[in-house]
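Engineer: Structure file final_34.cif (mmCIF, C-alpha atoms and all ligand atoms) is given on the next line.
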data_entry
#
loop_
_atom_site.label_atom_id
_atom_site.label_comp_id
_atom_site.auth_asym_id
_atom_site.auth_seq_id
_atom_site.Cartn_x
_atom_site.Cartn_y
_atom_site.Cartn_z
CA MET A 1 127.13 63.06 76.25
CA PHE A 2 127.80 60.24 78.72
CA GLN A 3 125.71 57.70 80.62
CA GLY A 4 124.83 58.23 84.25
CA ILE A 5 122.13 58.32 86.91
CA LEU A 6 120.45 61.70 87.01
CA ILE A 7 118.17 62.94 89.80
CA THR A 8 115.61 65.55 88.83
CA LYS A 9 113.02 67.31 90.95
CA ASP A 10 110.22 69.33 89.41
CA ASP A 11 106.44 69.60 89.34
CA ALA A 12 106.28 65.97 88.17
CA GLY A 13 108.12 64.86 91.32
CA TYR A 14 111.48 63.42 92.41
CA ARG A 15 112.99 60.95 89.92
CA ALA A 16 116.28 59.10 89.48
CA GLY A 17 117.23 56.99 86.48
CA LEU A 18 119.89 56.08 83.94
CA GLN A 19 120.08 58.45 81.00
CA ALA A 20 122.42 60.22 78.59
CA ILE A 21 123.78 63.30 80.34
CA ASP A 22 125.12 66.41 78.66
CA GLU A 23 128.60 67.47 79.85
CA ALA A 24 127.12 70.92 80.42
CA VAL A 25 125.43 69.48 83.53
CA LEU A 26 128.82 68.95 85.17
CA PRO A 27 129.94 71.66 87.58
CA GLU A 28 133.23 73.52 87.37
CA GLY A 29 136.36 71.72 88.47
CA ASP A 30 140.01 71.45 87.52
CA VAL A 31 140.10 67.67 87.04
CA THR A 32 137.90 65.54 84.77
CA VAL A 33 137.79 61.86 85.70
CA ARG A 34 136.63 58.85 83.68
CA VAL A 35 134.83 56.92 86.42
CA ALA A 36 135.51 53.18 86.46
CA TRP A 37 133.62 52.13 89.60
CA SER A 38 131.33 53.73 92.11
CA THR A 39 129.35 52.23 94.97
CA LEU A 40 126.16 52.54 96.96
CA ASN A 41 126.53 53.98 100.43
CA TYR A 42 123.69 54.66 102.86
CA LYS A 43 123.73 58.33 101.84
CA ASP A 44 123.44 57.37 98.16
CA GLY A 45 120.33 55.40 99.09
CA LEU A 46 118.86 58.50 100.72
CA ALA A 47 119.79 60.65 97.70
CA ILE A 48 118.49 58.31 95.00
CA THR A 49 115.19 57.55 96.73
CA GLY A 50 114.73 61.13 97.96
CA ARG A 51 113.93 59.80 101.43
CA SER A 52 116.05 62.53 103.07
CA PRO A 53 116.96 65.91 101.62
CA VAL A 54 120.55 64.87 100.90
CA VAL A 55 120.58 66.37 97.40
CA ARG A 56 120.58 70.13 97.51
CA ARG A 57 120.95 71.01 93.81
CA PHE A 58 119.10 69.69 90.73
CA PRO A 59 119.67 68.06 88.34
CA MET A 60 122.22 66.00 90.29
CA VAL A 61 124.35 62.97 89.55
CA PRO A 62 124.37 60.98 92.83
CA GLY A 63 127.33 58.96 94.11
CA ILE A 64 129.35 60.23 97.06
CA ASP A 65 132.44 58.35 95.91
CA PHE A 66 134.19 56.99 92.85
CA ALA A 67 137.45 55.56 91.56
CA GLY A 68 138.75 56.11 88.07
CA THR A 69 141.37 57.60 85.79
CA VAL A 70 142.13 61.28 85.25
CA GLU A 71 141.14 62.27 81.71
CA SER A 72 142.33 65.87 81.85
CA SER A 73 143.64 68.16 84.56
CA SER A 74 144.76 71.75 85.12
CA HIS A 75 145.57 70.94 88.77
CA PRO A 76 149.33 70.65 89.50
CA ALA A 77 148.99 67.38 91.44
CA TRP A 78 147.20 65.43 88.70
CA LYS A 79 147.80 64.48 85.08
CA ALA A 80 145.95 62.39 82.52
CA GLY A 81 146.25 58.69 83.31
CA ASP A 82 146.54 59.06 87.12
CA GLN A 83 144.31 56.68 89.07
CA VAL A 84 142.34 58.42 91.79
CA VAL A 85 139.75 57.93 94.51
CA LEU A 86 137.22 60.46 95.76
CA ASN A 87 135.17 60.32 98.98
CA GLY A 88 132.74 62.97 100.14
CA TRP A 89 133.32 66.74 99.90
CA GLY A 90 129.63 67.15 99.06
CA VAL A 91 130.01 65.19 95.82
CA GLY A 92 126.71 63.48 95.00
CA GLU A 93 124.93 66.05 97.21
CA VAL A 94 125.76 69.56 95.95
CA HIS A 95 128.35 68.65 93.27
CA CYS A 96 127.71 65.98 90.60
CA GLY A 97 129.01 62.60 91.77
CA GLY A 98 130.29 59.18 90.84
CA LEU A 99 127.30 57.33 89.39
CA ALA A 100 128.12 58.47 85.85
CA GLU A 101 130.86 57.79 83.33
CA VAL A 102 132.41 61.25 83.76
CA ALA A 103 132.94 63.40 86.88
CA ARG A 104 134.47 66.87 87.12
CA VAL A 105 135.83 67.80 90.56
CA LYS A 106 138.44 69.85 92.39
CA GLY A 107 141.88 68.26 92.30
CA ASP A 108 142.28 69.08 96.01
CA TRP A 109 139.55 66.53 96.77
CA LEU A 110 141.28 63.57 95.14
CA VAL A 111 143.43 60.89 96.76
CA ARG A 112 145.86 58.75 94.76
CA LEU A 113 144.63 55.16 94.37
CA PRO A 114 146.82 53.04 96.71
CA ALA A 115 148.98 50.60 94.73
CA ALA A 116 147.51 47.75 96.80
CA PHE A 117 144.05 48.23 95.28
CA THR A 118 142.36 48.12 91.91
CA THR A 119 139.73 50.79 91.25
CA ARG A 120 137.08 48.11 91.88
CA GLN A 121 138.58 47.17 95.26
CA ALA A 122 138.80 50.86 96.23
CA MET A 123 135.06 51.15 95.65
CA ALA A 124 134.36 47.86 97.41
CA ILE A 125 135.87 49.73 100.36
CA GLY A 126 134.19 53.00 99.39
CA THR A 127 133.21 55.72 101.80
CA ALA A 128 131.78 53.09 104.16
CA GLY A 129 135.13 51.31 104.45
CA TYR A 130 137.14 54.51 104.64
CA THR A 131 134.82 55.66 107.46
CA ALA A 132 135.30 52.32 109.22
CA MET A 133 139.05 52.97 109.07
CA LEU A 134 138.57 56.48 110.53
CA CYS A 135 136.69 54.85 113.43
CA VAL A 136 139.44 52.27 113.99
CA LEU A 137 142.06 55.05 113.92
CA ALA A 138 140.08 56.99 116.57
CA LEU A 139 140.06 53.96 118.90
CA GLU A 140 143.77 53.28 118.28
CA LYS A 141 144.72 56.91 118.89
CA HIS A 142 142.76 56.77 122.13
CA GLY A 143 145.24 54.07 123.14
CA ILE A 144 142.97 51.02 122.98
CA THR A 145 144.97 47.87 122.26
CA PRO A 146 143.77 44.33 121.48
CA GLY A 147 144.51 43.22 125.05
CA ASP A 148 142.10 45.78 126.53
CA GLY A 149 138.93 43.79 125.91
CA GLU A 150 135.92 43.52 123.61
CA ILE A 151 135.13 46.03 120.86
CA LEU A 152 131.45 46.43 119.96
CA VAL A 153 130.52 47.07 116.31
CA THR A 154 126.87 48.01 115.67
CA GLY A 155 125.05 47.79 112.33
CA ALA A 156 127.40 44.86 111.76
CA ASN A 157 126.00 43.60 108.44
CA GLY A 158 126.20 47.05 106.87
CA GLY A 159 129.09 48.47 104.85
CA VAL A 160 130.79 50.36 107.68
CA GLY A 161 130.14 47.53 110.14
CA SER A 162 131.44 44.76 107.86
CA VAL A 163 134.70 46.56 107.03
CA ALA A 164 135.17 47.60 110.68
CA ILE A 165 134.89 43.96 111.79
CA ALA A 166 137.38 42.79 109.14
CA LEU A 167 139.87 45.52 110.09
CA LEU A 168 139.59 45.05 113.86
CA ALA A 169 139.87 41.26 113.62
CA ARG A 170 142.97 41.52 111.40
CA LEU A 171 144.51 43.88 113.98
CA GLY A 172 143.91 41.32 116.73
CA TYR A 173 140.92 42.86 118.52
CA THR A 174 138.09 40.76 119.97
CA VAL A 175 134.99 41.97 118.11
CA VAL A 176 131.37 41.64 119.23
CA ALA A 177 129.01 42.27 116.31
CA SER A 178 125.54 43.70 117.00
CA THR A 179 122.96 42.98 114.32
CA GLY A 180 119.26 42.76 113.61
CA ARG A 181 120.03 39.74 111.44
CA VAL A 182 121.38 37.17 113.88
CA ALA A 183 120.66 34.57 111.19
CA GLU A 184 123.61 36.11 109.28
CA SER A 185 125.99 35.23 112.13
CA ASP A 186 128.14 32.96 109.95
CA TYR A 187 128.87 35.92 107.67
CA LEU A 188 129.91 38.03 110.68
CA THR A 189 132.09 35.36 112.31
CA GLY A 190 133.60 34.71 108.87
CA LEU A 191 134.67 38.35 108.82
CA GLY A 192 136.33 37.87 112.19
CA ALA A 193 133.67 38.65 114.83
CA ALA A 194 134.30 36.60 118.00
CA SER A 195 130.60 36.71 118.91
CA VAL A 196 127.29 38.14 117.73
CA ILE A 197 124.53 39.83 119.75
CA ASP A 198 120.98 40.78 118.78
CA ARG A 199 120.65 44.53 118.27
CA LYS A 200 117.51 44.46 120.47
CA GLU A 201 119.91 44.23 123.44
CA LEU A 202 120.95 47.82 122.66
CA SER A 203 118.05 49.44 120.85
CA GLU A 204 115.54 49.88 123.72
CA PRO A 205 115.71 52.79 126.20
CA GLY A 206 118.31 51.86 128.84
CA LYS A 207 119.79 53.04 132.16
CA PRO A 208 122.29 55.93 132.45
CA LEU A 209 124.97 53.38 133.36
CA GLY A 210 125.07 49.63 132.73
CA LYS A 211 127.56 46.85 133.45
CA GLU A 212 130.96 47.85 132.04
CA ARG A 213 131.74 45.68 129.02
CA TRP A 214 133.29 47.38 125.98
CA ALA A 215 136.87 48.60 125.75
CA GLY A 216 135.76 50.44 122.62
CA VAL A 217 132.76 50.84 120.34
CA ILE A 218 132.19 51.63 116.66
CA ASP A 219 128.58 52.75 116.32
CA THR A 220 126.78 53.20 113.00
CA VAL A 221 123.26 53.22 114.46
CA GLY A 222 122.87 56.22 116.83
CA SER A 223 119.78 56.78 119.04
CA HIS A 224 119.30 54.38 122.02
CA THR A 225 121.95 52.05 120.61
CA LEU A 226 124.61 54.74 120.92
CA ALA A 227 123.33 55.79 124.36
CA ASN A 228 123.40 52.19 125.62
CA ALA A 229 126.82 51.59 124.08
CA CYS A 230 128.21 54.60 125.98
CA ALA A 231 126.49 53.42 129.19
CA THR A 232 128.19 50.01 128.97
CA THR A 233 131.66 51.17 127.90
CA ARG A 234 134.39 50.46 130.43
CA TYR A 235 136.21 53.05 132.52
CA ARG A 236 138.24 55.40 130.23
CA GLY A 237 137.08 53.52 127.12
CA ALA A 238 136.07 55.19 123.86
CA VAL A 239 133.13 55.20 121.46
CA ALA A 240 133.48 56.24 117.81
CA ALA A 241 130.07 57.40 116.51
CA CYS A 242 129.67 57.69 112.75
CA GLY A 243 126.10 56.78 111.82
CA LEU A 244 122.38 57.19 112.28
CA ALA A 245 120.92 54.03 110.73
CA GLY A 246 118.68 53.68 113.80
CA GLY A 247 117.99 57.37 114.37
CA MET A 248 119.57 60.78 114.62
CA ASP A 249 118.67 61.33 118.28
CA PHE A 250 120.99 60.67 121.19
CA PRO A 251 118.82 60.01 124.25
CA ALA A 252 121.70 59.69 126.74
CA THR A 253 122.90 61.12 130.05
CA VAL A 254 126.33 62.53 130.86
CA ALA A 255 126.93 59.72 133.39
CA PRO A 256 129.32 57.60 131.23
CA PHE A 257 131.41 60.68 130.43
CA ILE A 258 131.68 62.22 133.91
CA LEU A 259 131.66 59.06 136.06
CA ARG A 260 133.61 56.65 133.86
CA GLY A 261 135.71 59.03 131.79
CA VAL A 262 134.30 57.57 128.59
CA THR A 263 135.24 59.52 125.44
CA LEU A 264 132.81 59.93 122.55
CA TYR A 265 134.53 60.57 119.22
CA GLY A 266 132.50 62.02 116.36
CA ILE A 267 133.60 60.63 112.99
CA ASP A 268 133.01 62.62 109.82
CA SER A 269 134.38 61.38 106.53
CA VAL A 270 132.91 64.04 104.25
CA MET A 271 135.04 67.08 105.13
CA ALA A 272 137.98 65.22 106.73
CA PRO A 273 141.29 66.93 105.92
CA GLN A 274 143.48 65.49 103.17
CA ALA A 275 146.17 64.19 105.57
CA VAL A 276 143.54 62.19 107.48
CA ARG A 277 142.24 60.67 104.22
CA VAL A 278 145.71 59.71 103.04
CA GLU A 279 146.46 58.07 106.41
CA ALA A 280 143.15 56.15 106.29
CA TRP A 281 143.78 54.87 102.75
CA GLU A 282 147.37 53.89 103.61
CA ARG A 283 146.13 51.96 106.62
CA LEU A 284 143.40 50.27 104.55
CA ALA A 285 146.08 49.18 102.09
CA ARG A 286 148.08 47.70 104.99
CA ASP A 287 145.38 46.26 107.22
CA LEU A 288 142.44 45.16 105.09
CA ASP A 289 142.40 41.59 103.87
CA VAL A 290 141.39 41.94 100.20
CA ALA A 291 140.22 38.32 100.09
CA LYS A 292 137.74 39.14 102.88
CA LEU A 293 136.77 42.32 101.06
CA GLU A 294 135.75 40.25 98.04
CA THR A 295 133.50 38.06 100.20
CA ILE A 296 131.50 41.10 101.39
CA THR A 297 131.19 42.67 97.92
CA SER A 298 128.43 42.33 95.37
CA GLU A 299 128.44 43.97 91.95
CA ILE A 300 125.64 45.72 90.07
CA ALA A 301 125.27 47.62 86.79
CA LEU A 302 124.72 51.38 86.74
CA ALA A 303 121.12 50.91 85.54
CA ASP A 304 120.33 48.84 88.66
CA ALA A 305 121.42 51.55 91.13
CA PRO A 306 117.92 53.03 91.77
CA ALA A 307 116.32 49.64 92.57
CA VAL A 308 119.24 48.50 94.72
CA ALA A 309 119.30 51.84 96.58
CA ALA A 310 115.76 51.15 97.82
CA LYS A 311 116.81 47.68 99.03
CA LEU A 312 119.79 49.18 100.85
CA LEU A 313 117.55 51.56 102.81
CA ALA A 314 115.20 48.68 103.58
CA GLY A 315 118.14 46.91 105.26
CA GLN A 316 117.96 44.04 102.74
CA LEU A 317 121.60 44.18 101.65
CA ARG A 318 124.72 43.24 103.49
CA GLY A 319 128.32 44.27 103.08
CA ARG A 320 129.30 46.43 100.14
CA VAL A 321 127.82 46.99 96.69
CA VAL A 322 130.09 48.13 93.84
CA VAL A 323 128.59 49.77 90.78
CA LYS A 324 130.25 49.10 87.44
CA VAL A 325 130.35 52.44 85.65
CA GLY A 326 133.15 52.27 83.07
CA GLY A 327 134.64 49.04 84.47
P1 LIG A 401 124.34 50.19 105.41
O1 LIG A 401 122.96 50.46 104.96
O2 LIG A 401 125.26 49.37 104.58
O3 LIG A 401 124.28 49.49 106.85
C1 LIG A 401 123.54 50.00 107.91
C2 LIG A 401 123.29 48.84 108.90
O4 LIG A 401 122.70 49.38 110.07
C3 LIG A 401 122.31 47.80 108.37
O5 LIG A 401 122.93 46.82 107.59
C4 LIG A 401 121.78 47.24 109.67
O6 LIG A 401 122.72 46.30 110.15
C5 LIG A 401 121.79 48.44 110.60
N1 LIG A 401 120.47 49.07 110.70
C6 LIG A 401 119.67 49.48 109.67
N2 LIG A 401 118.53 50.00 110.15
C7 LIG A 401 118.61 49.93 111.49
C8 LIG A 401 117.73 50.31 112.55
N3 LIG A 401 116.54 50.86 112.31
N4 LIG A 401 118.13 50.09 113.83
C9 LIG A 401 119.34 49.54 114.07
N5 LIG A 401 120.21 49.15 113.11
C10 LIG A 401 119.84 49.35 111.84
O7 LIG A 401 124.98 51.61 105.73
P2 LIG A 401 126.54 52.00 105.90
O8 LIG A 401 127.23 50.94 106.63
O9 LIG A 401 127.06 52.49 104.59
O10 LIG A 401 126.39 53.29 106.85
C11 LIG A 401 126.04 53.10 108.23
C12 LIG A 401 125.75 54.45 108.85
O11 LIG A 401 126.93 55.25 108.86
C13 LIG A 401 124.68 55.28 108.10
O12 LIG A 401 123.87 55.95 109.03
C14 LIG A 401 125.52 56.26 107.29
O13 LIG A 401 124.82 57.43 107.02
C15 LIG A 401 126.68 56.49 108.24
N6 LIG A 401 127.89 56.94 107.57
C16 LIG A 401 128.50 58.05 108.08
C17 LIG A 401 129.65 58.51 107.54
C18 LIG A 401 130.32 59.68 108.18
O14 LIG A 401 131.13 60.34 107.54
N7 LIG A 401 130.02 59.96 109.44
C19 LIG A 401 130.23 57.90 106.33
C20 LIG A 401 129.58 56.66 105.93
C21 LIG A 401 128.42 56.23 106.52
P3 LIG A 401 122.23 44.89 110.78
O15 LIG A 401 121.31 44.28 109.77
O16 LIG A 401 123.49 44.13 110.98
O17 LIG A 401 121.52 45.23 112.07
#
Would you encode the structure as structure tokens?
Ligand code: NDP
Structural biologist:
Amino acid sequence: MFQGILITKDDAGYRAGLQAIDEAVLPEGDVTVRVAWSTLNYKDGLAITGRSPVVRRFPMVPGIDFAGTVESSSHPAWKAGDQVVLNGWGVGEVHCGGLAEVARVKGDWLVRLPAAFTTRQAMAIGTAGYTAMLCVLALEKHGITPGDGEILVTGANGGVGSVAIALLARLGYTVVASTGRVAESDYLTGLGAASVIDRKELSEPGKPLGKERWAGVIDTVGSHTLANACATTRYRGAVAACGLAGGMDFPATVAPFILRGVTLYGIDSVMAPQAVRVEAWERLARDLDVAKLETITSEIALADAPAVAAKLLAGQLRGRVVVKVGG
């Protein structure tokens, strides 16, 4: 038996709470990991509260990511004592996840913990930070350089937004942070944003094309925000879309794409190939200021995860939340 958050769904309803879990609940896998730290991502909030049908098998241990130490392995790449990170692959959705002391997964899903990070720092980054890096890589590979102009980051106070700002600023880009919490501007400029705009400027229905402003965009919000971001991206600029915090719709026209040559990159972290993950984690180790990471991180106990998940969905948190599992 081990301690963890378990989600159950039956005639009595949808419930998530800390309890002793029998190892028999764990799915098959060739690596068993003693989880040290996990985290709360937006998707974990949806899973724990049941607000969206993220969890597709019950009972389920939520937690789409974790960092810890291999306890036993029959996979050739891993041996007991190795420190590993896991992001995505359906873990915490269809395969028991990281918000428990023990996880059993496929060795092919694991990434070696970069030497630059502790397991706690890796989860302070978490899937949100790794996704932010995937977005930055998309803009870089498009050829956008710091001299090209402003980069817009939406959902700026969130996990993806906060890490994206810190990364872009460290790389020399001029970052404009869009937020519903303009009162938190000091936090955003402290991360490296050059200026802050109210998200209302982007969240209302807009025109097919607006004044060209952004060399690049990292969007975590979707809906009108994404449409307006595309409509105000400069000629041959690029938008990396990774989120739906404002809505899943995309009420846009093709005008930015066919008249300004704007490129829209879709960013998925869940099923990203191994080589892409390794590149993202190597770049995080090189380009993320760990002192800044600490300033955006708050820590909670495993038992607090359900209550904090509800706050996360209510937009009451900022930055990243790490969950102490084994510690
Ligand atoms: P957080 O909850 O940490 O942050 C989301 C932020 O979005 C909030 O802090 C808020 O920022 C803003 N926001 C919230 N509600 C609204 C709204 N109604 N309208 C406009 N803005 C809003 O989430 P994460 O940063 O972890 O994730 C952000 C998004 O990215 C989510 O949709 C998540 O599902 C997605 N995601 C996708 C991944 C992928 O693989 N594609 C991986 C990881 C995340 P502020 O207060 O500054 O306005």
Engineer: When you count only C-alpha atoms and all ligand atoms, which of these residues is closest to ligand LIG 401 (chain A): A:Val308, A:Ile197, A:Val31, A:Val270?
Structural biologist: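 Under the stated criterion, the closest residue is A:Val270.
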Engineer: Kindly list the centre and edge lengths in Å, rounded to one decimal, for the axis-aligned box that covers all listed atoms of region 158-165 of chain A plus 4 Å on each of its six sides, as lines of an AutoDock Vina configuration file.
Structural biologist:
center_x = 130.7
center_y = 47.2
center_z = 108.3
size_x = 17.0
size_y = 14.4
size_z = 14.9
Engineer: Which residues come within 8 Å of region 259-265 of chain A, counting all atoms listed in the file, excluding same-chain residues fewer than 6 positions away, as a list in words?
Structural biologist: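 In the requested form, the answer reads Ala138, Cys230, Thr233, Arg234, Tyr235, Arg236, Gly237, Ala238, Val239, Ala240 and Ala241 of chain A.
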Engineer: How far is it from CA of Leu40 (chain A) to CA of Tyr187 (chain A), in Å with one decimal?
Structural biologist: 20.0 Å
Engineer: Set the cut-off to 6 Å, count all atoms listed in the file, and list whatever residues fall near ligand LIG 401 (chain A) as number ranges by chain.
Structural biologist: A: 41-43, 127-128, 131, 155-161, 179-181, 220-221, 242-246, 267-270, 312-313, 315, 318
Engineer: With a distance cut-off of 8 Å and all atoms listed in the file, select the neighbouring residues of Ile151 (chain A), excluding the residue or stretch itself and same-chain residues fewer than 4 positions from it, and output the selection as an NGL selection string.
Structural biologist: :A and (173-176 or 214-218)
